[in-house]
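Below is final22.pdb, which holds PDB, C-alpha atoms.
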```pdb
ATOM      1  CA  MET G1207     -32.000 -22.372 -65.511
ATOM      2  CA  SER G1208     -29.692 -21.604 -62.693
ATOM      3  CA  HIS G1209     -29.250 -23.826 -59.660
ATOM      4  CA  PRO G1210     -29.531 -21.806 -56.444
ATOM      5  CA  SER G1211     -27.602 -24.455 -54.499
ATOM      6  CA  SER G1212     -24.499 -24.227 -56.717
ATOM      7  CA  ARG G1213     -23.156 -20.929 -55.289
ATOM      8  CA  PRO G1214     -23.505 -21.956 -51.660
ATOM      9  CA  ALA G1215     -21.802 -25.241 -52.495
ATOM     10  CA  ASN G1216     -18.795 -23.428 -54.057
ATOM     11  CA  PHE G1217     -18.729 -20.934 -51.202
ATOM     12  CA  ASN G1218     -18.729 -23.721 -48.633
ATOM     13  CA  ARG G1219     -15.866 -25.466 -50.400
ATOM     14  CA  ARG G1220     -13.793 -22.274 -50.230
ATOM     15  CA  GLN G1221     -14.614 -21.968 -46.561
ATOM     16  CA  ILE G1222     -13.526 -25.521 -45.975
ATOM     17  CA  LEU G1223     -10.222 -25.005 -47.832
ATOM     18  CA  SER G1224      -9.615 -21.778 -45.922
ATOM     19  CA  ALA G1225     -10.318 -23.484 -42.606
ATOM     20  CA  ALA G1226      -8.039 -26.381 -43.513
ATOM     21  CA  ALA G1227      -5.242 -23.943 -44.299
ATOM     22  CA  ALA G1228      -5.817 -22.218 -40.972
ATOM     23  CA  VAL G1229      -5.574 -25.542 -39.159
ATOM     24  CA  ALA G1230      -2.418 -26.485 -41.042
ATOM     25  CA  ALA G1231      -0.714 -23.129 -40.353
ATOM     26  CA  PRO G1232       0.082 -23.779 -36.677
ATOM     27  CA  ALA G1233       2.183 -26.733 -37.787
ATOM     28  CA  LEU G1234       4.663 -24.134 -38.994
ATOM     29  CA  LEU G1235       4.807 -22.408 -35.589
ATOM     30  CA  PRO G1236       7.225 -24.707 -33.765
ATOM     31  CA  THR G1237       9.951 -23.985 -36.340
ATOM     32  CA  HIS G1238       9.257 -20.273 -36.119
ATOM     33  CA  ALA G1239       9.082 -20.393 -32.329
ATOM     34  CA  PHE G1240      12.359 -22.306 -32.174
ATOM     35  CA  ALA G1241      13.992 -19.638 -34.303
ATOM     36  CA  GLN G1242      12.655 -16.982 -31.935
ATOM     37  CA  ASP G1243      13.813 -18.977 -28.871
ATOM     38  CA  LYS G1244      17.481 -19.065 -29.871
ATOM     39  CA  PHE G1245      19.753 -19.527 -26.851
ATOM     40  CA  PRO G1246      19.840 -17.536 -24.721
ATOM     41  CA  SER G1247      16.389 -15.971 -24.673
ATOM     42  CA  ARG G1248      16.039 -15.276 -20.937
ATOM     43  CA  PRO G1249      18.243 -14.496 -17.905
ATOM     44  CA  ILE G1250      20.943 -16.979 -16.897
ATOM     45  CA  LYS G1251      21.586 -17.835 -13.242
ATOM     46  CA  LEU G1252      25.255 -18.180 -12.271
ATOM     47  CA  ILE G1253      25.889 -19.559  -8.790
ATOM     48  CA  ALA G1254      28.813 -18.184  -6.787
ATOM     49  CA  PRO G1255      29.163 -20.716  -3.941
ATOM     50  CA  TRP G1256      30.610 -18.134  -1.533
ATOM     51  CA  PRO G1257      29.233 -15.204   0.494
ATOM     52  CA  ALA G1258      28.810 -11.815  -1.134
ATOM     53  CA  GLY G1259      31.674  -9.403  -0.634
ATOM     54  CA  GLY G1260      34.710 -11.665  -1.072
ATOM     55  CA  SER G1261      37.126 -11.981  -3.973
ATOM     56  CA  SER G1262      35.255 -14.925  -5.518
ATOM     57  CA  ASP G1263      31.994 -12.998  -5.483
ATOM     58  CA  GLY G1264      33.627  -9.892  -6.953
ATOM     59  CA  VAL G1265      35.317 -11.783  -9.763
ATOM     60  CA  MET G1266      32.211 -13.804 -10.615
ATOM     61  CA  ARG G1267      30.138 -10.614 -10.791
ATOM     62  CA  ALA G1268      32.683  -9.097 -13.177
ATOM     63  CA  PHE G1269      32.511 -12.186 -15.403
ATOM     64  CA  ALA G1270      28.696 -12.171 -15.262
ATOM     65  CA  GLU G1271      28.376  -8.495 -16.190
ATOM     66  CA  SER G1272      30.803  -8.854 -19.092
ATOM     67  CA  ALA G1273      29.240 -12.073 -20.419
ATOM     68  CA  SER G1274      25.792 -10.453 -20.288
ATOM     69  CA  LYS G1275      26.895  -7.970 -22.956
ATOM     70  CA  THR G1276      27.861 -10.756 -25.356
ATOM     71  CA  LEU G1277      24.941 -13.049 -24.598
ATOM     72  CA  GLY G1278      22.350 -10.277 -24.753
ATOM     73  CA  VAL G1279      20.595 -11.400 -21.556
ATOM     74  CA  PRO G1280      21.320 -10.747 -17.868
ATOM     75  CA  VAL G1281      23.651 -13.201 -16.120
ATOM     76  CA  ILE G1282      22.478 -13.042 -12.522
ATOM     77  CA  ILE G1283      24.725 -14.058  -9.624
ATOM     78  CA  GLU G1284      23.173 -16.158  -6.879
ATOM     79  CA  ASN G1285      25.287 -16.629  -3.741
ATOM     80  CA  LYS G1286      25.139 -20.105  -2.163
ATOM     81  CA  PRO G1287      27.804 -20.149   0.571
ATOM     82  CA  GLY G1288      28.674 -23.130   2.711
ATOM     83  CA  VAL G1289      29.889 -26.737   2.550
ATOM     84  CA  GLY G1290      33.305 -25.702   1.299
ATOM     85  CA  GLY G1291      32.060 -24.023  -1.866
ATOM     86  CA  THR G1292      30.281 -27.131  -3.183
ATOM     87  CA  LEU G1293      26.651 -25.974  -3.133
ATOM     88  CA  GLY G1294      26.870 -24.736  -6.708
ATOM     89  CA  ALA G1295      28.012 -28.130  -7.948
ATOM     90  CA  ALA G1296      25.296 -29.811  -5.882
ATOM     91  CA  ALA G1297      22.688 -27.550  -7.498
ATOM     92  CA  MET G1298      23.654 -28.892 -10.937
ATOM     93  CA  VAL G1299      22.257 -32.312 -10.039
ATOM     94  CA  GLY G1300      18.687 -32.348 -11.288
ATOM     95  CA  ALA G1301      18.945 -28.889 -12.882
ATOM     96  CA  ALA G1302      17.728 -28.590 -16.461
ATOM     97  CA  PRO G1303      20.721 -28.865 -18.855
ATOM     98  CA  ASP G1304      19.462 -25.925 -20.887
ATOM     99  CA  GLY G1305      22.286 -23.484 -20.124
ATOM    100  CA  TYR G1306      20.221 -21.258 -17.843
ATOM    101  CA  THR G1307      21.691 -22.611 -14.594
ATOM    102  CA  LEU G1308      25.473 -22.428 -14.208
ATOM    103  CA  THR G1309      28.010 -22.413 -11.390
ATOM    104  CA  GLN G1310      31.559 -21.556 -10.522
ATOM    105  CA  LEU G1311      33.666 -24.722 -10.117
ATOM    106  CA  PRO G1312      36.190 -24.271  -7.275
ATOM    107  CA  LEU G1313      38.866 -26.880  -6.646
ATOM    108  CA  GLY G1314      37.038 -28.242  -3.600
ATOM    109  CA  ILE G1315      34.410 -29.973  -5.734
ATOM    110  CA  TYR G1316      37.055 -32.513  -6.804
ATOM    111  CA  ARG G1317      38.279 -33.067  -3.249
ATOM    112  CA  LEU G1318      35.343 -33.081  -0.848
ATOM    113  CA  PRO G1319      33.578 -36.095  -2.424
ATOM    114  CA  HIS G1320      36.605 -38.121  -1.283
ATOM    115  CA  MET G1321      36.230 -36.789   2.266
ATOM    116  CA  GLN G1322      32.497 -36.956   2.888
ATOM    117  CA  LYS G1323      29.274 -38.015   1.240
ATOM    118  CA  MET G1324      28.331 -35.535  -1.482
ATOM    119  CA  PRO G1325      25.205 -35.378  -3.671
ATOM    120  CA  PHE G1326      27.253 -35.029  -6.858
ATOM    121  CA  ASP G1327      30.085 -36.557  -8.828
ATOM    122  CA  PRO G1328      32.247 -33.753 -10.299
ATOM    123  CA  VAL G1329      33.000 -35.772 -13.423
ATOM    124  CA  GLN G1330      29.685 -37.510 -14.088
ATOM    125  CA  ASP G1331      27.233 -34.794 -12.988
ATOM    126  CA  ILE G1332      28.826 -31.605 -14.314
ATOM    127  CA  SER G1333      29.513 -30.160 -17.762
ATOM    128  CA  HIS G1334      32.815 -28.287 -17.710
ATOM    129  CA  ILE G1335      32.376 -25.251 -19.967
ATOM    130  CA  VAL G1336      35.448 -23.017 -19.639
ATOM    131  CA  CYS G1337      38.246 -22.267 -17.169
ATOM    132  CA  LEU G1338      38.963 -18.568 -16.694
ATOM    133  CA  THR G1339      41.245 -17.796 -13.769
ATOM    134  CA  GLY G1340      42.600 -19.130 -10.488
ATOM    135  CA  TYR G1341      43.230 -18.213  -6.896
ATOM    136  CA  THR G1342      46.450 -16.978  -5.372
ATOM    137  CA  PHE G1343      46.753 -18.400  -1.858
ATOM    138  CA  GLY G1344      48.784 -17.045   0.998
ATOM    139  CA  ILE G1345      49.394 -17.231   4.740
ATOM    140  CA  ALA G1346      48.883 -13.889   6.467
ATOM    141  CA  CYS G1347      48.893 -12.778  10.096
ATOM    142  CA  THR G1348      48.065  -9.707  12.139
ATOM    143  CA  ALA G1349      50.675  -6.959  12.135
ATOM    144  CA  ASP G1350      51.269  -7.427  15.871
ATOM    145  CA  ALA G1351      51.850 -11.196  15.659
ATOM    146  CA  PRO G1352      54.969 -12.381  17.545
ATOM    147  CA  PHE G1353      56.580 -13.576  14.302
ATOM    148  CA  LYS G1354      57.546 -11.877  11.045
ATOM    149  CA  THR G1355      58.464 -14.797   8.772
ATOM    150  CA  LEU G1356      57.131 -18.263   8.092
ATOM    151  CA  LYS G1357      60.144 -19.819   9.820
ATOM    152  CA  GLU G1358      59.523 -17.706  12.911
ATOM    153  CA  MET G1359      55.850 -18.727  12.852
ATOM    154  CA  VAL G1360      56.865 -22.398  12.772
ATOM    155  CA  ALA G1361      59.164 -21.857  15.753
ATOM    156  CA  TYR G1362      56.358 -20.102  17.641
ATOM    157  CA  ALA G1363      53.882 -22.891  16.822
ATOM    158  CA  LYS G1364      56.311 -25.541  18.042
ATOM    159  CA  ALA G1365      56.666 -23.675  21.323
ATOM    160  CA  ASN G1366      52.879 -23.281  21.600
ATOM    161  CA  PRO G1367      51.322 -26.449  20.105
ATOM    162  CA  GLY G1368      47.629 -26.067  19.235
ATOM    163  CA  LYS G1369      47.442 -22.503  20.543
ATOM    164  CA  LEU G1370      48.028 -20.638  17.276
ATOM    165  CA  GLU G1371      44.766 -20.437  15.339
ATOM    166  CA  TYR G1372      44.179 -19.728  11.684
ATOM    167  CA  GLY G1373      41.002 -19.065   9.730
ATOM    168  CA  HIS G1374      40.132 -20.894   6.502
ATOM    169  CA  THR G1375      37.189 -21.157   4.115
ATOM    170  CA  GLY G1376      35.793 -24.479   5.322
ATOM    171  CA  THR G1377      36.909 -27.993   6.143
ATOM    172  CA  GLY G1378      38.384 -29.660   3.087
ATOM    173  CA  THR G1379      38.777 -26.472   1.065
ATOM    174  CA  THR G1380      42.110 -25.629  -0.521
ATOM    175  CA  PRO G1381      43.131 -23.002   2.091
ATOM    176  CA  HIS G1382      42.459 -25.574   4.809
ATOM    177  CA  LEU G1383      44.238 -28.558   3.311
ATOM    178  CA  ALA G1384      47.176 -26.482   2.099
ATOM    179  CA  ILE G1385      47.968 -25.499   5.695
ATOM    180  CA  GLU G1386      47.308 -28.981   7.035
ATOM    181  CA  GLU G1387      49.785 -30.402   4.521
ATOM    182  CA  PHE G1388      52.290 -27.665   5.345
ATOM    183  CA  SER G1389      51.820 -28.191   9.104
ATOM    184  CA  GLU G1390      52.448 -31.908   8.713
ATOM    185  CA  LYS G1391      55.704 -31.260   6.848
ATOM    186  CA  ALA G1392      56.750 -28.542   9.313
ATOM    187  CA  GLY G1393      55.943 -30.710  12.315
ATOM    188  CA  ILE G1394      53.599 -28.205  13.953
ATOM    189  CA  GLN G1395      50.067 -28.307  15.339
ATOM    190  CA  LEU G1396      47.808 -25.365  14.480
ATOM    191  CA  ASN G1397      44.217 -24.718  15.486
ATOM    192  CA  PRO G1398      42.026 -24.470  12.337
ATOM    193  CA  ILE G1399      38.873 -22.327  12.489
ATOM    194  CA  PRO G1400      36.441 -22.672   9.548
ATOM    195  CA  PHE G1401      34.498 -19.763   8.057
ATOM    196  CA  LYS G1402      31.943 -19.681   5.231
ATOM    197  CA  GLY G1403      34.127 -17.524   3.021
ATOM    198  CA  SER G1404      37.025 -15.114   2.775
ATOM    199  CA  ALA G1405      34.910 -12.048   3.601
ATOM    200  CA  GLU G1406      34.146 -13.529   7.037
ATOM    201  CA  ILE G1407      37.798 -14.414   7.570
ATOM    202  CA  MET G1408      38.832 -10.828   6.871
ATOM    203  CA  GLN G1409      36.332  -9.503   9.402
ATOM    204  CA  ALA G1410      37.688 -11.926  12.006
ATOM    205  CA  ILE G1411      41.390 -11.253  11.487
ATOM    206  CA  LEU G1412      41.023  -7.476  11.135
ATOM    207  CA  GLY G1413      38.890  -7.503  14.276
ATOM    208  CA  GLY G1414      41.624  -9.344  16.163
ATOM    209  CA  HIS G1415      39.549 -12.486  16.719
ATOM    210  CA  ILE G1416      42.101 -14.750  14.994
ATOM    211  CA  ARG G1417      45.864 -14.352  14.695
ATOM    212  CA  MET G1418      46.446 -15.914  11.284
ATOM    213  CA  MET G1419      44.644 -16.872   8.088
ATOM    214  CA  SER G1420      45.039 -19.075   5.044
ATOM    215  CA  GLY G1421      43.119 -17.822   2.057
ATOM    216  CA  THR G1422      42.924 -15.955  -1.189
ATOM    217  CA  THR G1423      44.149 -12.432  -1.764
ATOM    218  CA  GLU G1424      41.499 -10.449   0.105
ATOM    219  CA  PHE G1425      44.413  -9.946   2.458
ATOM    220  CA  ALA G1426      46.379  -8.021  -0.200
ATOM    221  CA  PRO G1427      45.152  -4.437   0.411
ATOM    222  CA  HIS G1428      45.485  -4.933   4.160
ATOM    223  CA  VAL G1429      49.036  -6.218   3.735
ATOM    224  CA  GLN G1430      49.794  -3.201   1.595
ATOM    225  CA  SER G1431      48.311  -0.866   4.226
ATOM    226  CA  GLY G1432      50.294  -2.518   7.020
ATOM    227  CA  LYS G1433      47.323  -3.977   8.908
ATOM    228  CA  LEU G1434      48.358  -7.546   8.051
ATOM    229  CA  ARG G1435      51.659  -9.267   7.322
ATOM    230  CA  LEU G1436      52.050 -11.777   4.477
ATOM    231  CA  LEU G1437      54.267 -14.656   5.615
ATOM    232  CA  ALA G1438      54.295 -16.688   2.391
ATOM    233  CA  THR G1439      52.385 -17.467  -0.776
ATOM    234  CA  LEU G1440      51.458 -21.023  -1.750
ATOM    235  CA  GLY G1441      52.003 -21.072  -5.502
ATOM    236  CA  SER G1442      54.952 -22.411  -7.474
ATOM    237  CA  ASN G1443      56.206 -18.851  -8.061
ATOM    238  CA  ARG G1444      56.246 -15.633  -6.075
ATOM    239  CA  ASN G1445      53.255 -13.352  -6.575
ATOM    240  CA  LYS G1446      54.108 -10.370  -8.761
ATOM    241  CA  ALA G1447      52.317  -8.029  -6.334
ATOM    242  CA  PHE G1448      54.542  -9.196  -3.460
ATOM    243  CA  PRO G1449      57.903 -10.001  -5.051
ATOM    244  CA  ASP G1450      59.727  -9.869  -1.706
ATOM    245  CA  VAL G1451      57.480 -12.477  -0.062
ATOM    246  CA  PRO G1452      58.793 -16.045  -0.486
ATOM    247  CA  THR G1453      56.704 -19.068  -1.347
ATOM    248  CA  VAL G1454      56.213 -21.813   1.231
ATOM    249  CA  LYS G1455      58.494 -24.015  -0.853
ATOM    250  CA  GLU G1456      61.205 -21.350  -0.908
ATOM    251  CA  SER G1457      60.896 -21.129   2.862
ATOM    252  CA  GLY G1458      61.869 -24.778   3.170
ATOM    253  CA  TRP G1459      58.695 -26.863   2.962
ATOM    254  CA  ASP G1460      57.691 -28.612  -0.257
ATOM    255  CA  THR G1461      54.075 -27.435  -0.446
ATOM    256  CA  ILE G1462      52.636 -25.921  -3.644
ATOM    257  CA  THR G1463      48.952 -25.087  -3.935
ATOM    258  CA  GLU G1464      47.372 -23.710  -7.104
ATOM    259  CA  SER G1465      43.689 -23.555  -7.879
ATOM    260  CA  PRO G1466      42.230 -22.801 -11.345
ATOM    261  CA  PHE G1467      38.476 -22.305 -11.605
ATOM    262  CA  GLY G1468      35.861 -21.727 -14.264
ATOM    263  CA  ILE G1469      32.225 -22.194 -15.243
ATOM    264  CA  GLY G1470      30.191 -25.399 -15.332
ATOM    265  CA  GLY G1471      26.629 -26.556 -15.826
ATOM    266  CA  PRO G1472      24.507 -29.695 -15.477
ATOM    267  CA  LYS G1473      25.407 -32.873 -17.341
ATOM    268  CA  GLY G1474      23.826 -33.483 -20.747
ATOM    269  CA  MET G1475      24.061 -29.940 -22.098
ATOM    270  CA  ASP G1476      23.655 -29.375 -25.850
ATOM    271  CA  PRO G1477      27.172 -28.876 -27.303
ATOM    272  CA  ALA G1478      25.853 -25.876 -29.266
ATOM    273  CA  VAL G1479      24.721 -24.210 -26.022
ATOM    274  CA  VAL G1480      28.039 -25.047 -24.367
ATOM    275  CA  LYS G1481      29.855 -23.373 -27.260
ATOM    276  CA  VAL G1482      27.768 -20.198 -26.959
ATOM    277  CA  LEU G1483      28.564 -20.003 -23.248
ATOM    278  CA  HIS G1484      32.230 -20.912 -23.718
ATOM    279  CA  ASP G1485      32.710 -18.210 -26.342
ATOM    280  CA  ALA G1486      30.907 -15.562 -24.284
ATOM    281  CA  PHE G1487      32.871 -16.236 -21.104
ATOM    282  CA  LYS G1488      36.168 -16.562 -22.958
ATOM    283  CA  LYS G1489      35.523 -13.132 -24.427
ATOM    284  CA  THR G1490      35.244 -11.696 -20.889
ATOM    285  CA  LEU G1491      38.995 -12.206 -20.537
ATOM    286  CA  ASP G1492      39.470  -9.432 -23.124
ATOM    287  CA  ASP G1493      37.307  -7.045 -21.102
ATOM    288  CA  ALA G1494      39.374  -4.313 -19.425
ATOM    289  CA  LYS G1495      37.002  -4.194 -16.439
ATOM    290  CA  VAL G1496      37.340  -7.940 -15.910
ATOM    291  CA  GLN G1497      41.127  -7.734 -16.047
ATOM    292  CA  GLU G1498      41.011  -4.820 -13.616
ATOM    293  CA  THR G1499      39.006  -6.972 -11.194
ATOM    294  CA  LEU G1500      41.367  -9.930 -11.603
ATOM    295  CA  ASP G1501      44.320  -7.644 -10.939
ATOM    296  CA  LYS G1502      42.571  -6.246  -7.867
ATOM    297  CA  PHE G1503      42.492  -9.735  -6.360
ATOM    298  CA  PHE G1504      45.817 -10.809  -7.879
ATOM    299  CA  MET G1505      44.219 -13.559  -9.932
ATOM    300  CA  PRO G1506      45.966 -14.646 -13.145
ATOM    301  CA  THR G1507      44.242 -15.536 -16.403
ATOM    302  CA  VAL G1508      44.028 -19.339 -16.569
ATOM    303  CA  TYR G1509      42.124 -20.196 -19.748
ATOM    304  CA  MET G1510      41.151 -23.759 -20.671
ATOM    305  CA  SER G1511      38.851 -24.749 -23.519
ATOM    306  CA  THR G1512      35.835 -26.984 -22.915
ATOM    307  CA  ALA G1513      37.809 -30.117 -23.861
ATOM    308  CA  ASP G1514      40.875 -29.157 -21.825
ATOM    309  CA  TYR G1515      38.795 -28.136 -18.807
ATOM    310  CA  THR G1516      36.864 -31.411 -18.934
ATOM    311  CA  ALA G1517      40.148 -33.341 -18.995
ATOM    312  CA  TYR G1518      41.460 -31.186 -16.124
ATOM    313  CA  GLY G1519      38.386 -32.077 -14.042
ATOM    314  CA  GLU G1520      38.845 -35.794 -14.607
ATOM    315  CA  ARG G1521      42.558 -35.610 -13.830
ATOM    316  CA  THR G1522      42.150 -33.448 -10.732
ATOM    317  CA  PHE G1523      39.442 -35.689  -9.270
ATOM    318  CA  LYS G1524      41.997 -38.519  -9.295
ATOM    319  CA  THR G1525      44.931 -36.488  -7.931
ATOM    320  CA  GLU G1526      42.805 -35.009  -5.123
ATOM    321  CA  LYS G1527      41.886 -38.527  -4.044
ATOM    322  CA  ALA G1528      45.579 -39.333  -3.697
ATOM    323  CA  THR G1529      46.128 -36.160  -1.635
ATOM    324  CA  ILE G1530      43.248 -36.961   0.703
ATOM    325  CA  GLU G1531      44.485 -40.507   1.196
ATOM    326  CA  ARG G1532      48.001 -39.257   1.937
ATOM    327  CA  LEU G1533      46.683 -36.904   4.607
ATOM    328  CA  GLY G1534      44.493 -39.616   6.119
ATOM    329  CA  LEU G1535      41.277 -37.681   5.489
ATOM    330  CA  THR G1536      39.427 -40.225   3.340
ATOM    331  CA  LYS G1537      35.727 -40.520   4.223
ATOM    332  CA  LYS G1538      34.717 -43.457   6.364
ATOM    333  CA  SER G1539      32.563 -46.018   4.585
TER     334      SER G1539
END
```

As structure tokens, the full file:
Amino acid sequence: MSHPSSRPANFNRRQILSAAAAVAAPALLPTHAFAQDKFPSRPIKLIAPWPAGGSSDGVMRAFAESASKTLGVPVIIENKPGVGGTLGAAAMVGAAPDGYTLTQLPLGIYRLPHMQKMPFDPVQDISHIVCLTGYTFGIACTADAPFKTLKEMVAYAKANPGKLEYGHTGTGTTPHLAIEEFSEKAGIQLNPIPFKGSAEIMQAILGGHIRMMSGTTEFAPHVQSGKLRLLATLGSNRNKAFPDVPTVKESGWDTITESPFGIGGPKGMDPAVVKVLHDAFKKTLDDAKVQETLDKFFMPTVYMSTADYTAYGERTFKTEKATIERLGLTKKS
């Protein structure tokens, strides 16, 4: 005689086993989801701590567009101008160290913390990923300025103390301190006027609102067109685009200013993520469009690996402190 309850009992057991398997299956999802969420899986924000339209912005956009092709996701530029180009570094404090928030690291981030209270420590709060290029600095003036060489400018400034103004990219930035150091050695007093970025400086000097500027090579096309005159460059060697223009040191004053920059992120980033970003941005240096943009702004290739760039940051933070102390610009406690 059959037992009517036996089939339902077997059926229920199969149901229970099937349900148990269904419950257990989601345990496999995190591994699968992790595989699907391989870095990067969404757009990356790259902060350019300068106004749109200048050389820094143009170069960073070229790097971002090129890196996007390798990374397979958009690298979106966000402009955060002000405070001497340090707002990108400040944004790294508290940002998730997941590789989706990055910034350009200009030289000023190692200097300004010695001059004023800053919300970040450039060594402790930032992951240095890769160095890519550097600025070429120069001293340019309007074509109708009453001097044609750096020596003539010094003579004019001595005869008119405090009356000759120059624009720069913010108090404590490299273009500012380079001229302050030069002025001290030349024994002259200039009138510094800060701007948020090089694009604003160019508008001011081309509009005749300032007589002179210290900055990066946005001045180059205007020098070539005759609207501006380049008095000197600030590097250790003459700029290949202006071989007839002497350096400040060649002109008689021992001032050399060079400024590599690259990409950084928040502290505590996964080394594997850092490597992905390093490799992608390093590859941009082989991109013809990137090199075309660097050439446009007369910026050399200055590559440093993650380890070398990290060491550079630590070293520069110390040397900038010595410079600030020498110029008497150390922040008051």

Item to check | Residue among G:Pro1249, G:Leu1313, G:Ala1297, G:His1382 lying closest to Ile1282 (chain G), counting only C-alpha atoms | outcome: G:Pro1249

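Nearest to Ala1517 (chain G) of all the residues G:Cys1347, G:Val1299, G:Val1329, G:Leu1533 is G:Val1329, counting all atoms listed in the file.
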
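Among the candidates G:Met1408, G:Gly1288, G:Gly1432, G:Gly1278, the one nearest to Gly1376 (chain G) when counting all atoms listed in the file is G:Gly1288.
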
Next on the checklist: I need the output of the PyMOL selection byres ((chain G and resi 1534) around 12) for this file as a VMD selection string; which residues are they?
Outcome noted: chain G and resid 1320 to 1321 1383 1386 to 1387 1390 1527 to 1533 1535 to 1538

Item to check | Chain and number of each residue from the PyMOL selection byres ((chain G and resi 1270) around 9), as number ranges by chain | outcome: G: 1252, 1265-1269, 1271-1275, 1280-1283, 1487, 1490

Checklist outcome for this item: Expressed in Å, the length from CA of Gly1441 (chain G) to CA of Thr1463 (chain G) is 5.3 Å

Checklist entry - Within 12 Å of Leu1440 (chain G), counting only C-alpha atoms, which residues qualify if same-chain residues fewer than 6 places away don't, as number ranges by chain? => result G: 1341-1346, 1356, 1380-1381, 1383-1385, 1387-1388, 1420-1423, 1451-1457, 1459-1465

Item to check | Expansion of the PyMOL selection byres ((chain G and resi 1501-1508) around 12) into residues, as number ranges by chain | outcome: G: 1260-1266, 1268, 1336-1344, 1404, 1421-1428, 1439, 1441, 1444-1448, 1464-1468, 1488, 1490-1500, 1509-1511, 1514-1515

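Here the question is which of G:Ala1365, G:Val1429, G:Leu1308, G:Met1419 gets nearest to Ala1254 (chain G) using all atoms listed in the file, and that residue is G:Leu1308.
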
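In this structure, CA of Leu1436 (chain G) sits 26.8 Å away from CA of Val1289 (chain G).
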
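CA of Thr1355 (chain G) to CA of Ala1410 (chain G) spans 21.2 Å [interatomic distance, one decimal].
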
To test the calculation: enclose all listed atoms of region 1374-1378 of chain G in a box whose edges run along x, y and z, add 3 Å on each side, then state centre and edge lengths in Å to one decimal, as JSON.
```
{"center_x": 38.0, "center_y": -25.3, "center_z": 4.8, "size_x": 10.3, "size_y": 14.8, "size_z": 9.4}
```

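Take the candidates G:Lys1473, G:Arg1248, G:Lys1391, G:His1374 and check each one against Gln1330 (chain G) using only C-alpha atoms; the shortest distance goes to G:Lys1473.
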